[in-house]
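Q: Got a file for you: target12.pdb, PDB, C-alpha atoms, pLDDT in the B column.
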```
ATOM      1  CA  MET C  21      86.720  89.033 153.605  1.00 86.00           C
ATOM      2  CA  PRO C  22      83.322  90.755 153.876  1.00 92.00           C
ATOM      3  CA  ARG C  23      81.940  91.752 150.497  1.00 96.00           C
ATOM      4  CA  TYR C  24      79.948  94.885 149.724  1.00 98.00           C
ATOM      5  CA  LEU C  25      78.131  95.963 146.578  1.00 98.00           C
ATOM      6  CA  LEU C  26      77.088  99.601 146.577  1.00 98.00           C
ATOM      7  CA  ILE C  27      74.622 100.564 143.850  1.00 98.00           C
ATOM      8  CA  GLU C  28      74.562 104.197 142.793  1.00 97.00           C
ATOM      9  CA  SER C  29      71.518 105.111 140.713  1.00 96.00           C
ATOM     10  CA  ARG C  30      71.711 108.874 141.071  1.00 95.00           C
ATOM     11  CA  ASP C  31      73.098 111.399 138.647  1.00 93.00           C
ATOM     12  CA  PRO C  32      75.812 113.610 140.173  1.00 92.00           C
ATOM     13  CA  PHE C  33      74.688 116.452 137.934  1.00 91.00           C
ATOM     14  CA  ASP C  34      71.231 116.251 139.527  1.00 91.00           C
ATOM     15  CA  SER C  35      71.864 115.021 143.089  1.00 91.00           C
ATOM     16  CA  ASN C  36      74.314 116.498 145.534  1.00 87.00           C
ATOM     17  CA  ASP C  37      74.618 113.341 147.620  1.00 90.00           C
ATOM     18  CA  THR C  38      76.235 110.938 145.158  1.00 87.00           C
ATOM     19  CA  ARG C  39      79.554 111.194 147.001  1.00 87.00           C
ATOM     20  CA  PHE C  40      77.929 109.078 149.713  1.00 89.00           C
ATOM     21  CA  CYS C  41      78.626 105.883 147.795  1.00 92.00           C
ATOM     22  CA  CYS C  42      82.161 106.880 146.814  1.00 93.00           C
ATOM     23  CA  ASP C  43      83.006 107.901 150.372  1.00 94.00           C
ATOM     24  CA  LEU C  44      81.484 104.758 151.858  1.00 96.00           C
ATOM     25  CA  ALA C  45      83.202 102.541 149.281  1.00 97.00           C
ATOM     26  CA  ARG C  46      86.542 104.184 149.997  1.00 97.00           C
ATOM     27  CA  GLN C  47      86.162 103.698 153.755  1.00 97.00           C
ATOM     28  CA  LEU C  48      85.028 100.086 153.410  1.00 97.00           C
ATOM     29  CA  ALA C  49      87.966  99.283 151.129  1.00 97.00           C
ATOM     30  CA  ALA C  50      90.369 100.934 153.569  1.00 96.00           C
ATOM     31  CA  ALA C  51      88.981  98.598 156.244  1.00 97.00           C
ATOM     32  CA  ASN C  52      89.993  95.573 154.121  1.00 96.00           C
ATOM     33  CA  ASN C  53      86.592  94.759 152.641  1.00 97.00           C
ATOM     34  CA  ASP C  54      85.937  93.583 149.087  1.00 97.00           C
ATOM     35  CA  VAL C  55      84.009  96.500 147.618  1.00 98.00           C
ATOM     36  CA  THR C  56      82.297  97.043 144.276  1.00 98.00           C
ATOM     37  CA  LEU C  57      80.529 100.215 143.205  1.00 98.00           C
ATOM     38  CA  PHE C  58      77.908  99.471 140.546  1.00 98.00           C
ATOM     39  CA  LEU C  59      76.476 102.419 138.638  1.00 98.00           C
ATOM     40  CA  VAL C  60      73.006 102.088 137.159  1.00 98.00           C
ATOM     41  CA  GLN C  61      70.337 104.302 135.531  1.00 97.00           C
ATOM     42  CA  ASN C  62      71.474 107.955 135.503  1.00 96.00           C
ATOM     43  CA  GLY C  63      74.225 106.915 137.887  1.00 96.00           C
ATOM     44  CA  VAL C  64      76.254 105.959 134.805  1.00 97.00           C
ATOM     45  CA  LEU C  65      76.480 109.525 133.489  1.00 96.00           C
ATOM     46  CA  PRO C  66      79.789 110.383 135.219  1.00 95.00           C
ATOM     47  CA  VAL C  67      81.594 107.451 133.566  1.00 96.00           C
ATOM     48  CA  ARG C  68      82.146 109.648 130.527  1.00 95.00           C
ATOM     49  CA  PRO C  69      85.689 111.019 130.803  1.00 93.00           C
ATOM     50  CA  GLY C  70      85.214 114.548 132.062  1.00 87.00           C
ATOM     51  CA  ALA C  71      84.735 116.815 135.017  1.00 77.00           C
ATOM     52  CA  ARG C  72      82.765 114.390 137.187  1.00 87.00           C
ATOM     53  CA  SER C  73      84.662 111.178 136.375  1.00 93.00           C
ATOM     54  CA  ALA C  74      87.718 111.990 138.509  1.00 93.00           C
ATOM     55  CA  ASP C  75      86.094 110.655 141.676  1.00 92.00           C
ATOM     56  CA  LEU C  76      85.449 107.285 140.031  1.00 95.00           C
ATOM     57  CA  THR C  77      88.967 106.996 138.650  1.00 95.00           C
ATOM     58  CA  SER C  78      90.389 107.937 142.034  1.00 95.00           C
ATOM     59  CA  LEU C  79      88.139 105.407 143.757  1.00 96.00           C
ATOM     60  CA  ALA C  80      89.230 102.639 141.391  1.00 96.00           C
ATOM     61  CA  GLY C  81      92.806 103.396 142.437  1.00 95.00           C
ATOM     62  CA  THR C  82      91.973 102.428 146.007  1.00 96.00           C
ATOM     63  CA  GLY C  83      91.042  98.874 145.050  1.00 95.00           C
ATOM     64  CA  VAL C  84      87.293  99.379 144.669  1.00 97.00           C
ATOM     65  CA  LYS C  85      85.882  97.763 141.529  1.00 98.00           C
ATOM     66  CA  VAL C  86      83.878 100.410 139.651  1.00 98.00           C
ATOM     67  CA  LEU C  87      81.349  98.972 137.214  1.00 98.00           C
ATOM     68  CA  ALA C  88      78.637 100.534 135.053  1.00 98.00           C
ATOM     69  CA  ASP C  89      75.462  98.752 133.953  1.00 98.00           C
ATOM     70  CA  SER C  90      75.753  97.915 130.240  1.00 98.00           C
ATOM     71  CA  PHE C  91      72.036  98.417 129.629  1.00 98.00           C
ATOM     72  CA  SER C  92      72.038 101.857 131.266  1.00 98.00           C
ATOM     73  CA  LEU C  93      75.061 102.839 129.174  1.00 98.00           C
ATOM     74  CA  LYS C  94      73.369 101.682 125.983  1.00 97.00           C
ATOM     75  CA  GLU C  95      70.139 103.504 126.847  1.00 96.00           C
ATOM     76  CA  ARG C  96      72.103 106.740 127.168  1.00 96.00           C
ATOM     77  CA  GLY C  97      74.286 106.266 124.105  1.00 96.00           C
ATOM     78  CA  ILE C  98      77.498 105.921 126.105  1.00 96.00           C
ATOM     79  CA  ASP C  99      80.129 103.836 124.336  1.00 96.00           C
ATOM     80  CA  GLU C 100      81.388 101.002 126.567  1.00 96.00           C
ATOM     81  CA  ASN C 101      84.803 101.393 124.975  1.00 94.00           C
ATOM     82  CA  ARG C 102      85.142 105.038 125.984  1.00 94.00           C
ATOM     83  CA  LEU C 103      84.651 104.965 129.736  1.00 96.00           C
ATOM     84  CA  ALA C 104      86.709 106.860 132.274  1.00 96.00           C
ATOM     85  CA  SER C 105      89.894 105.172 133.440  1.00 96.00           C
ATOM     86  CA  GLY C 106      89.205 102.545 136.093  1.00 96.00           C
ATOM     87  CA  VAL C 107      85.573 101.996 135.094  1.00 97.00           C
ATOM     88  CA  ALA C 108      84.330  98.895 133.263  1.00 98.00           C
ATOM     89  CA  ALA C 109      80.949  97.942 131.824  1.00 98.00           C
ATOM     90  CA  ALA C 110      79.123  95.003 133.399  1.00 98.00           C
ATOM     91  CA  PRO C 111      75.681  93.399 133.177  1.00 98.00           C
ATOM     92  CA  LEU C 112      73.004  93.697 135.873  1.00 98.00           C
ATOM     93  CA  GLU C 113      73.736  90.057 136.727  1.00 98.00           C
ATOM     94  CA  ILE C 114      76.481  91.488 138.945  1.00 97.00           C
ATOM     95  CA  VAL C 115      73.791  92.517 141.432  1.00 98.00           C
ATOM     96  CA  LEU C 116      72.048  89.163 141.436  1.00 97.00           C
ATOM     97  CA  ASP C 117      75.363  87.336 141.789  1.00 97.00           C
ATOM     98  CA  ALA C 118      76.258  89.470 144.799  1.00 98.00           C
ATOM     99  CA  LEU C 119      72.871  88.858 146.412  1.00 98.00           C
ATOM    100  CA  ALA C 120      73.164  85.120 145.784  1.00 96.00           C
ATOM    101  CA  GLU C 121      76.652  85.024 147.267  1.00 96.00           C
ATOM    102  CA  GLY C 122      75.571  86.793 150.437  1.00 96.00           C
ATOM    103  CA  ALA C 123      77.243  90.143 149.892  1.00 98.00           C
ATOM    104  CA  LYS C 124      75.869  93.216 151.611  1.00 98.00           C
ATOM    105  CA  VAL C 125      74.084  95.069 148.829  1.00 98.00           C
ATOM    106  CA  ILE C 126      73.100  98.695 149.377  1.00 97.00           C
ATOM    107  CA  TRP C 127      70.989 100.726 146.951  1.00 97.00           C
ATOM    108  CA  HIS C 128      71.424 104.488 146.730  1.00 96.00           C
TER     109      HIS C 128
ATOM    110  CA  MET O   8      71.098  76.007 136.861  1.00 49.00           C
ATOM    111  CA  ALA O   9      72.924  77.733 139.676  1.00 53.00           C
ATOM    112  CA  ASP O  10      72.072  76.850 143.275  1.00 80.00           C
ATOM    113  CA  LYS O  11      68.507  77.797 144.063  1.00 90.00           C
ATOM    114  CA  LYS O  12      68.350  80.943 146.114  1.00 97.00           C
ATOM    115  CA  THR O  13      65.643  83.012 147.727  1.00 98.00           C
ATOM    116  CA  ILE O  14      65.947  86.746 147.290  1.00 98.00           C
ATOM    117  CA  THR O  15      63.717  89.431 148.783  1.00 98.00           C
ATOM    118  CA  ILE O  16      63.325  92.801 147.086  1.00 98.00           C
ATOM    119  CA  ALA O  17      61.479  95.780 148.541  1.00 98.00           C
ATOM    120  CA  ILE O  18      60.256  98.467 146.184  1.00 98.00           C
ATOM    121  CA  MET O  19      58.388 101.698 146.778  1.00 97.00           C
ATOM    122  CA  ASP O  20      57.972 103.365 143.401  1.00 97.00           C
ATOM    123  CA  ALA O  21      54.677 103.656 141.576  1.00 97.00           C
ATOM    124  CA  PRO O  22      54.629 102.507 137.946  1.00 97.00           C
ATOM    125  CA  TYR O  23      55.626 104.899 135.133  1.00 95.00           C
ATOM    126  CA  GLU O  24      57.458 107.279 137.454  1.00 95.00           C
ATOM    127  CA  ASN O  25      61.065 106.223 137.858  1.00 95.00           C
ATOM    128  CA  ALA O  26      63.727 104.035 136.280  1.00 96.00           C
ATOM    129  CA  ARG O  27      63.899 102.162 139.584  1.00 97.00           C
ATOM    130  CA  SER O  28      60.752 100.295 138.516  1.00 97.00           C
ATOM    131  CA  THR O  29      62.444  99.142 135.323  1.00 96.00           C
ATOM    132  CA  THR O  30      65.599  98.095 137.152  1.00 97.00           C
ATOM    133  CA  THR O  31      63.537  96.182 139.710  1.00 98.00           C
ATOM    134  CA  LEU O  32      61.705  94.268 136.995  1.00 98.00           C
ATOM    135  CA  ARG O  33      65.019  93.561 135.246  1.00 98.00           C
ATOM    136  CA  LEU O  34      66.412  92.097 138.478  1.00 98.00           C
ATOM    137  CA  ILE O  35      63.305  89.980 139.028  1.00 98.00           C
ATOM    138  CA  ASP O  36      63.558  88.791 135.426  1.00 98.00           C
ATOM    139  CA  LEU O  37      67.149  87.654 135.905  1.00 98.00           C
ATOM    140  CA  ALA O  38      66.245  85.874 139.139  1.00 98.00           C
ATOM    141  CA  ALA O  39      63.233  84.214 137.509  1.00 98.00           C
ATOM    142  CA  LYS O  40      65.401  82.944 134.666  1.00 98.00           C
ATOM    143  CA  ARG O  41      67.719  81.379 137.264  1.00 97.00           C
ATOM    144  CA  GLY O  42      64.789  79.634 138.918  1.00 97.00           C
ATOM    145  CA  TYR O  43      65.195  81.548 142.157  1.00 98.00           C
ATOM    146  CA  ASN O  44      62.398  82.148 144.604  1.00 98.00           C
ATOM    147  CA  ILE O  45      61.734  85.860 144.633  1.00 98.00           C
ATOM    148  CA  ASN O  46      59.858  87.694 147.345  1.00 98.00           C
ATOM    149  CA  VAL O  47      58.705  91.182 146.481  1.00 98.00           C
ATOM    150  CA  PHE O  48      57.435  93.535 149.141  1.00 98.00           C
ATOM    151  CA  ALA O  49      55.666  96.448 147.473  1.00 98.00           C
ATOM    152  CA  TYR O  50      55.308  99.476 149.674  1.00 97.00           C
ATOM    153  CA  GLU O  51      53.714 102.884 149.137  1.00 96.00           C
ATOM    154  CA  GLY O  52      53.075 103.597 145.432  1.00 97.00           C
ATOM    155  CA  ALA O  53      54.608 100.295 144.357  1.00 98.00           C
ATOM    156  CA  VAL O  54      51.363  98.520 145.275  1.00 98.00           C
ATOM    157  CA  LEU O  55      50.058  99.894 141.959  1.00 98.00           C
ATOM    158  CA  GLN O  56      52.673  97.993 139.950  1.00 98.00           C
ATOM    159  CA  PRO O  57      50.426  94.875 139.722  1.00 98.00           C
ATOM    160  CA  PHE O  58      47.140  96.852 139.635  1.00 98.00           C
ATOM    161  CA  ALA O  59      44.788  94.778 137.491  1.00 98.00           C
ATOM    162  CA  ALA O  60      42.924  97.710 135.928  1.00 97.00           C
ATOM    163  CA  GLN O  61      45.942  99.031 134.023  1.00 97.00           C
ATOM    164  CA  THR O  62      44.865  99.412 130.402  1.00 95.00           C
ATOM    165  CA  PRO O  63      46.894 100.019 127.246  1.00 93.00           C
ATOM    166  CA  HIS O  64      45.877 103.050 125.230  1.00 93.00           C
ATOM    167  CA  PRO O  65      46.318 104.411 121.710  1.00 93.00           C
ATOM    168  CA  ASN O  66      48.422 107.501 121.045  1.00 93.00           C
ATOM    169  CA  ALA O  67      46.214 110.077 119.410  1.00 92.00           C
ATOM    170  CA  VAL O  68      49.015 112.637 119.146  1.00 94.00           C
ATOM    171  CA  HIS O  69      51.098 110.337 116.971  1.00 94.00           C
ATOM    172  CA  GLY O  70      48.124 108.603 115.347  1.00 95.00           C
ATOM    173  CA  ARG O  71      49.010 105.158 116.644  1.00 95.00           C
ATOM    174  CA  SER O  72      46.488 102.456 117.531  1.00 95.00           C
ATOM    175  CA  VAL O  73      46.621 100.436 120.739  1.00 94.00           C
ATOM    176  CA  GLU O  74      48.476  97.679 118.896  1.00 94.00           C
ATOM    177  CA  GLU O  75      50.914 100.086 117.239  1.00 95.00           C
ATOM    178  CA  GLU O  76      51.559 101.914 120.495  1.00 93.00           C
ATOM    179  CA  ASN O  77      52.323  98.571 122.212  1.00 92.00           C
ATOM    180  CA  HIS O  78      52.188 100.308 125.552  1.00 90.00           C
ATOM    181  CA  PHE O  79      54.206  98.813 128.406  1.00 94.00           C
ATOM    182  CA  ILE O  80      51.845  97.543 131.099  1.00 97.00           C
ATOM    183  CA  PRO O  81      53.599  96.692 134.399  1.00 98.00           C
ATOM    184  CA  LYS O  82      50.907  94.249 135.594  1.00 98.00           C
ATOM    185  CA  ASP O  83      51.351  92.223 132.386  1.00 97.00           C
ATOM    186  CA  ALA O  84      55.119  92.242 132.847  1.00 98.00           C
ATOM    187  CA  ILE O  85      54.729  91.050 136.442  1.00 98.00           C
ATOM    188  CA  ALA O  86      52.347  88.267 135.385  1.00 98.00           C
ATOM    189  CA  ALA O  87      54.872  87.208 132.725  1.00 98.00           C
ATOM    190  CA  LEU O  88      57.651  87.206 135.313  1.00 98.00           C
ATOM    191  CA  MET O  89      55.548  84.997 137.588  1.00 98.00           C
ATOM    192  CA  ARG O  90      55.089  82.544 134.702  1.00 98.00           C
ATOM    193  CA  GLU O  91      58.805  82.689 133.893  1.00 98.00           C
ATOM    194  CA  ALA O  92      59.754  81.936 137.504  1.00 98.00           C
ATOM    195  CA  GLU O  93      57.387  78.963 137.644  1.00 98.00           C
ATOM    196  CA  LYS O  94      58.660  77.666 134.300  1.00 98.00           C
ATOM    197  CA  ASN O  95      62.169  77.593 135.762  1.00 97.00           C
ATOM    198  CA  GLY O  96      61.188  75.993 139.060  1.00 97.00           C
ATOM    199  CA  GLY O  97      61.009  79.161 141.106  1.00 97.00           C
ATOM    200  CA  LYS O  98      58.236  81.322 142.471  1.00 97.00           C
ATOM    201  CA  ILE O  99      57.423  84.975 142.908  1.00 98.00           C
ATOM    202  CA  ASP O 100      55.679  85.797 146.165  1.00 98.00           C
ATOM    203  CA  TRP O 101      54.424  89.367 145.644  1.00 98.00           C
ATOM    204  CA  VAL O 102      53.170  91.042 148.814  1.00 98.00           C
ATOM    205  CA  ASN O 103      51.409  94.392 148.647  1.00 98.00           C
ATOM    206  CA  CYS O 104      51.394  96.486 151.807  1.00 98.00           C
ATOM    207  CA  GLY O 105      47.759  96.401 152.874  1.00 97.00           C
ATOM    208  CA  LEU O 106      47.511  99.909 154.290  1.00 97.00           C
ATOM    209  CA  CYS O 107      49.207 101.289 151.167  1.00 97.00           C
ATOM    210  CA  VAL O 108      46.632  99.415 149.088  1.00 98.00           C
ATOM    211  CA  ASP O 109      43.736 100.838 151.084  1.00 98.00           C
ATOM    212  CA  GLU O 110      45.046 104.381 150.830  1.00 97.00           C
ATOM    213  CA  ARG O 111      45.241 104.093 147.066  1.00 97.00           C
ATOM    214  CA  GLY O 112      42.191 101.946 146.362  1.00 97.00           C
ATOM    215  CA  ALA O 113      44.524  99.441 144.756  1.00 96.00           C
ATOM    216  CA  ALA O 114      42.985  96.179 146.014  1.00 97.00           C
ATOM    217  CA  ASN O 115      42.280  94.942 142.491  1.00 97.00           C
ATOM    218  CA  ALA O 116      45.607  93.269 141.827  1.00 98.00           C
ATOM    219  CA  ILE O 117      46.498  90.498 139.385  1.00 98.00           C
ATOM    220  CA  PRO O 118      46.367  86.856 140.576  1.00 98.00           C
ATOM    221  CA  GLY O 119      49.414  85.864 142.588  1.00 97.00           C
ATOM    222  CA  VAL O 120      49.566  89.095 144.543  1.00 98.00           C
ATOM    223  CA  ARG O 121      48.699  88.931 148.226  1.00 98.00           C
ATOM    224  CA  ARG O 122      48.064  91.470 150.940  1.00 98.00           C
ATOM    225  CA  GLY O 123      50.516  91.862 153.792  1.00 98.00           C
ATOM    226  CA  SER O 124      52.314  94.272 156.068  1.00 96.00           C
ATOM    227  CA  PRO O 125      55.870  95.353 156.887  1.00 95.00           C
ATOM    228  CA  ALA O 126      55.932  92.385 159.275  1.00 97.00           C
ATOM    229  CA  ASP O 127      55.751  90.141 156.199  1.00 97.00           C
ATOM    230  CA  PHE O 128      58.733  91.951 154.761  1.00 97.00           C
ATOM    231  CA  TRP O 129      60.709  91.168 157.895  1.00 97.00           C
ATOM    232  CA  GLN O 130      59.637  87.505 157.799  1.00 98.00           C
ATOM    233  CA  LEU O 131      60.410  87.196 154.094  1.00 98.00           C
ATOM    234  CA  SER O 132      63.782  88.791 154.633  1.00 97.00           C
ATOM    235  CA  GLU O 133      64.572  86.472 157.535  1.00 97.00           C
ATOM    236  CA  ALA O 134      63.773  83.462 155.356  1.00 97.00           C
ATOM    237  CA  SER O 135      65.837  84.678 152.390  1.00 98.00           C
ATOM    238  CA  ASP O 136      69.449  84.310 151.362  1.00 97.00           C
ATOM    239  CA  ASN O 137      69.619  88.045 150.869  1.00 98.00           C
ATOM    240  CA  THR O 138      67.525  91.210 150.664  1.00 98.00           C
ATOM    241  CA  LEU O 139      67.710  94.342 148.556  1.00 98.00           C
ATOM    242  CA  VAL O 140      65.788  97.474 149.480  1.00 98.00           C
ATOM    243  CA  ILE O 141      65.306  99.746 146.475  1.00 97.00           C
ATOM    244  CA  ALA O 142      64.341 102.885 148.296  1.00 91.00           C
ATOM    245  CA  THR O 143      62.664 105.948 146.920  1.00 87.00           C
ATOM    246  CA  ARG O 144      64.880 108.982 147.401  1.00 73.00           C
TER     247      ARG O 144
END
```
Show how you would write the structure in this file as structure tokens.
A:
Amino acid sequence: MPRYLLIESRDPFDSNDTRFCCDLARQLAAANNDVTLFLVQNGVLPVRPGARSADLTSLAGTGVKVLADSFSLKERGIDENRLASGVAAAPLEIVLDALAEGAKVIWH
Amino acid sequence: MADKKTITIAIMDAPYENARSTTTLRLIDLAAKRGYNINVFAYEGAVLQPFAAQTPHPNAVHGRSVEEENHFIPKDAIAALMREAEKNGGKIDWVNCGLCVDERGAANAIPGVRRGSPADFWQLSEASDNTLVIATR
């Protein structure tokens, strides 16, 4: 099964194009691909349960793994134990592992 | 150590301007610790990341000396990453886009940095296990 890692670095409160990754991830998963969305930098801001986390929770329900960079969470004072439903914290090693394993890795 | 891999990363951001620079260096650090070969193609403002004339400064506003300020200097971090990669059996091949260098007067780079072109990026990518383009928005 083809594997994709989509990296979202943008803040949905600042950028109006962050749905690109969610939409692409959803479509790739629907086409039977193994898809992970990895949030990094200000891209982790919507993992706080609230108005902008619904998209991530919904996406996780489609089989896409939704992960948030632990370091980015810590930098922003976001508690790893209080993330939106469907989202888990993960180290940046996720990206290197995906590259090493030949996944298609796309930065946004 | 995991299987040795070769990874190519393209970056475009100038130092001190965006968190993408930090994330890029974090990725290179992880790869260096694994002993991977890492190709970096620096494009546009990123050619200033290894600029040799970067100098730490004191902070007069807060009354801190150079030592107390302990300013982050990207070229020193890159040199340390090159040493880390070599220590673990890997190598960092850092290629600065030549035209980008000329435009910015950034030819004075640290040892280990070479001049190239987007054609090098293509060749590096072709010879790698995988490639990540960290684009500027």
Q: Translate the PyMOL selection byres ((chain C and resi 43) around 12) into a concrete residue list for this structure, as a PyMOL selection string.
A: chain C and resi 26+28+37-42+44-50+55+57+75-76+78-79+82+84
Q: Could you write out as a VMD selection string the residues of chain C within 8 Å of chain O, counting only C-alpha atoms?
A: chain C and resid 61 112 to 113 115 to 116 119 to 120 122 to 123 125 to 128
Q: Any chance you can output those residues with C-alpha atoms as a compact mmCIF listing (two decimals), in the coordinates of the input?
A:
```
# COMPACT_ATOMS: atom_id res chain seq x y z
CA GLN C 61 70.34 104.30 135.53
CA LEU C 112 73.00 93.70 135.87
CA GLU C 113 73.74 90.06 136.73
CA VAL C 115 73.79 92.52 141.43
CA LEU C 116 72.05 89.16 141.44
CA LEU C 119 72.87 88.86 146.41
CA ALA C 120 73.16 85.12 145.78
CA GLY C 122 75.57 86.79 150.44
CA ALA C 123 77.24 90.14 149.89
CA VAL C 125 74.08 95.07 148.83
CA ILE C 126 73.10 98.70 149.38
CA TRP C 127 70.99 100.73 146.95
CA HIS C 128 71.42 104.49 146.73
```
Q: Mind giving me the axis-aligned box for region 11-16 of chain O with 3 Å on every side, centre plus edges in Å to one decimal, as lines of an AutoDock Vina configuration file?
A:
```
center_x = 65.9
center_y = 85.3
center_z = 146.4
size_x = 11.2
size_y = 21.0
size_z = 10.7
```
Q: Expressed in Å to a single decimal, how great is the separation between CA of Glu74 (chain O) and CA of Leu93 (chain C)?
A: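 Here the two named atoms are 29.0 Å from each other.
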Q: CA of Ser73 (chain C) to CA of Leu32 (chain O): how many Å, to one decimal?
A: 28.5 Å
Q: Could region 113-131 of chain O be completed with N, CA and C atoms and written as a short mmCIF file (atom, residue, chain, number, x, y, z; two decimals), keeping the file's coordinate frame, please?
A:
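New file result_31.cif:
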```
data_model
loop_
_atom_site.label_atom_id
_atom_site.label_comp_id
_atom_site.auth_asym_id
_atom_site.auth_seq_id
_atom_site.Cartn_x
_atom_site.Cartn_y
_atom_site.Cartn_z
N ALA O 113 43.82 100.29 145.71
CA ALA O 113 44.52 99.44 144.76
C ALA O 113 44.33 97.95 145.04
N ALA O 114 43.19 97.58 145.62
CA ALA O 114 42.98 96.18 146.01
C ALA O 114 42.86 95.24 144.82
N ASN O 115 42.50 95.77 143.68
CA ASN O 115 42.28 94.94 142.49
C ASN O 115 43.61 94.61 141.81
N ALA O 116 44.30 93.65 142.37
CA ALA O 116 45.61 93.27 141.83
C ALA O 116 45.49 91.99 141.01
N ILE O 117 46.50 91.71 140.20
CA ILE O 117 46.50 90.50 139.38
C ILE O 117 46.62 89.27 140.29
N PRO O 118 46.21 88.09 139.79
CA PRO O 118 46.37 86.86 140.58
C PRO O 118 47.84 86.63 140.94
N GLY O 119 48.04 86.12 142.14
CA GLY O 119 49.41 85.86 142.59
C GLY O 119 49.94 86.93 143.52
N VAL O 120 49.17 88.02 143.63
CA VAL O 120 49.57 89.10 144.54
C VAL O 120 48.76 88.94 145.83
N ARG O 121 49.42 89.05 146.97
CA ARG O 121 48.70 88.93 148.23
C ARG O 121 48.91 90.17 149.08
N ARG O 122 48.03 90.34 150.03
CA ARG O 122 48.06 91.47 150.94
C ARG O 122 48.93 91.13 152.16
N GLY O 123 49.68 92.11 152.63
CA GLY O 123 50.52 91.86 153.79
C GLY O 123 50.84 93.16 154.51
N SER O 124 51.91 93.10 155.29
CA SER O 124 52.31 94.27 156.07
C SER O 124 53.83 94.28 156.16
N PRO O 125 54.42 95.34 156.70
CA PRO O 125 55.87 95.35 156.89
C PRO O 125 56.38 94.16 157.70
N ALA O 126 55.51 93.58 158.53
CA ALA O 126 55.93 92.38 159.28
C ALA O 126 56.23 91.23 158.31
N ASP O 127 55.47 91.17 157.21
CA ASP O 127 55.75 90.14 156.20
C ASP O 127 57.11 90.38 155.57
N PHE O 128 57.41 91.64 155.34
CA PHE O 128 58.73 91.95 154.76
C PHE O 128 59.84 91.43 155.66
N TRP O 129 59.70 91.65 156.96
CA TRP O 129 60.71 91.17 157.90
C TRP O 129 60.80 89.63 157.84
N GLN O 130 59.62 88.97 157.83
CA GLN O 130 59.64 87.50 157.80
C GLN O 130 60.23 86.98 156.49
N LEU O 131 59.86 87.61 155.39
CA LEU O 131 60.41 87.20 154.09
C LEU O 131 61.93 87.38 154.08
#
```
